[in-house]
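Inspection log for the structure reproduced underneath, given as structure tokens.
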Amino acid sequence: ERGEKRLVAYVVAGERRPVPTTSEWRHHLQRKLPDYMIPSVFVLLEAMPLTPNGKVDRKALPAPGEQRPRLAAAFVAPRTAAEEALAEIWREVLGVERVGVDDNFFDLGGHSLLATQLVSRVEKTFQVKLSLRRLFETPNIAELAQLVTENAGQQKAAYSPPKITPRRNAGQSLDELLTSLNHLPEHEAKRILEERSSR
């Protein structure tokens, strides 16, 4: 799908109840398999489709679709603007129609390649630097939203706008003034313009 290959697990739970969640299946397989062999998606079936010869009919297996998988975490909708923006990025990158703020990126089908795309999109949207390692450490939207919000605040606080020294010559041209104000934050430029107009 979308030009990408994914490892998909088709599971028949049989008589086992309750049926394990995607999170539980992933956790179980992580103890037995290397990361690259962990399926990104688990599809629950009542029974495997079979050929007339009794073998699994791979062509008849359904596509995973865009449904949110059964996870250990209950669905919690985004509560802030940052969480909503991140949820939209996750939906587009993962191809999932619904993402909760406590959902684990990797339980939703994420892998290292998609994680790289996600980090790039988050950096572009929030104008913050985010390492791939931080995503692995904070793989859900709630924690990631807090991280990018704090980073954005720190970068804003660290920004020191250049001082504009008013010229003694009252004939400073409008072009020169606008050029000086062009790289300042909007609120700072507005303050300087108001001071100038009140003279």
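Identifiers for the structure tokens are assigned positionally: chains receive A, B, ... in sequence, residues are indexed from 1 per chain, and ligands are indexed from 1 in the order shown.
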*If you run DSSP over the backbone, which residues in range 19-99 of chain A end up helix (DSSP H, G or I)? Put them as a list in words.*
Thr22, Ser23, Glu24, Trp25, Arg26, His27, His28, Leu29, Gln30, Asp35, Tyr36, Met37, Arg58, Lys59, Ala60, Ala81, Ala82, Glu83, Glu84, Ala85, Leu86, Ala87, Glu88, Ile89, Trp90, Arg91, Glu92, Val93 and Leu94 of chain A
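Taking only C-alpha atoms, the non-local environment of Gly109 in chain A within 8 Å (same-chain residues fewer than 4 positions away omitted) comprises Pro39, Ser40, Val41, Leu94 and Phe105 of chain A.
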Residue subset to file, keeping C-alpha atoms, as a tab-separated table (two decimals), in the first residue's frame:
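Result file result26.tsv:
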```
chain	number	residue	atom	x	y	z
A	39	PRO	CA	4.56	-7.62	11.97
A	40	SER	CA	3.50	-4.00	11.70
A	41	VAL	CA	-0.18	-4.98	11.49
A	94	LEU	CA	0.45	5.49	9.35
A	105	PHE	CA	3.24	4.60	17.39
```
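Counting only C-alpha atoms, Val11 in chain A has the following residues at most 10 Å away, ignoring those fewer than 2 positions along the same chain: Val8, Ala9, Ala13, Gly14, Trp25, Phe42, Val43, Leu44, Leu45, Glu46, Ala47 and Met48 of chain A.
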*asked:* Give me the residues near Arg58 in chain A as a list of chain:residue names, where near means some atom within 12 Å (using only C-alpha atoms) and where sequence neighbours in that chain fewer than 3 positions away do not count.
replied: A:Val8, A:Ala9, A:Tyr10, A:Met48, A:Pro49, A:Leu50, A:Thr51, A:Gly54, A:Lys55, A:Leu61, A:Pro62, A:Ala63
_Among the residues A:Ala60, A:Ala115, A:Leu144, A:Leu71, the one that comes closest to Leu132 in chain A [using only C-alpha atoms]_ = A:Ala115
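The list of residues with at least one atom within 10 Å of range 134-137 of chain A, based on only C-alpha atoms and without residues fewer than 2 positions apart in the same chain, reads Asn104, Phe105, Phe106, Ser112, Ala115, Thr116, Leu118, Val119, Leu130, Ser131, Leu132, Pro139, Asn140, Ile141, Glu143, Leu144 and Leu147 of chain A.
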Can you write just those residues out, C-alpha atoms, as a CSV table (one decimal), in the first residue's frame?
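The file below, again00.csv, is the result:
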```csv
chain,number,residue,atom,x,y,z
A,104,ASN,CA,1.8,3.6,20.8
A,105,PHE,CA,3.2,4.6,17.4
A,106,PHE,CA,4.7,1.1,16.8
A,112,SER,CA,11.8,2.9,11.7
A,115,ALA,CA,9.4,7.1,12.2
A,116,THR,CA,11.9,9.1,10.1
A,118,LEU,CA,7.1,11.3,11.2
A,119,VAL,CA,10.0,13.2,12.8
A,130,LEU,CA,13.3,16.3,17.3
A,131,SER,CA,15.7,13.3,17.2
A,132,LEU,CA,14.5,9.8,16.2
A,139,PRO,CA,6.0,6.9,21.2
A,140,ASN,CA,2.6,8.4,22.0
A,141,ILE,CA,0.9,11.7,21.1
A,143,GLU,CA,4.0,12.7,25.6
A,144,LEU,CA,5.2,14.0,22.2
A,147,LEU,CA,7.8,17.5,24.4
```
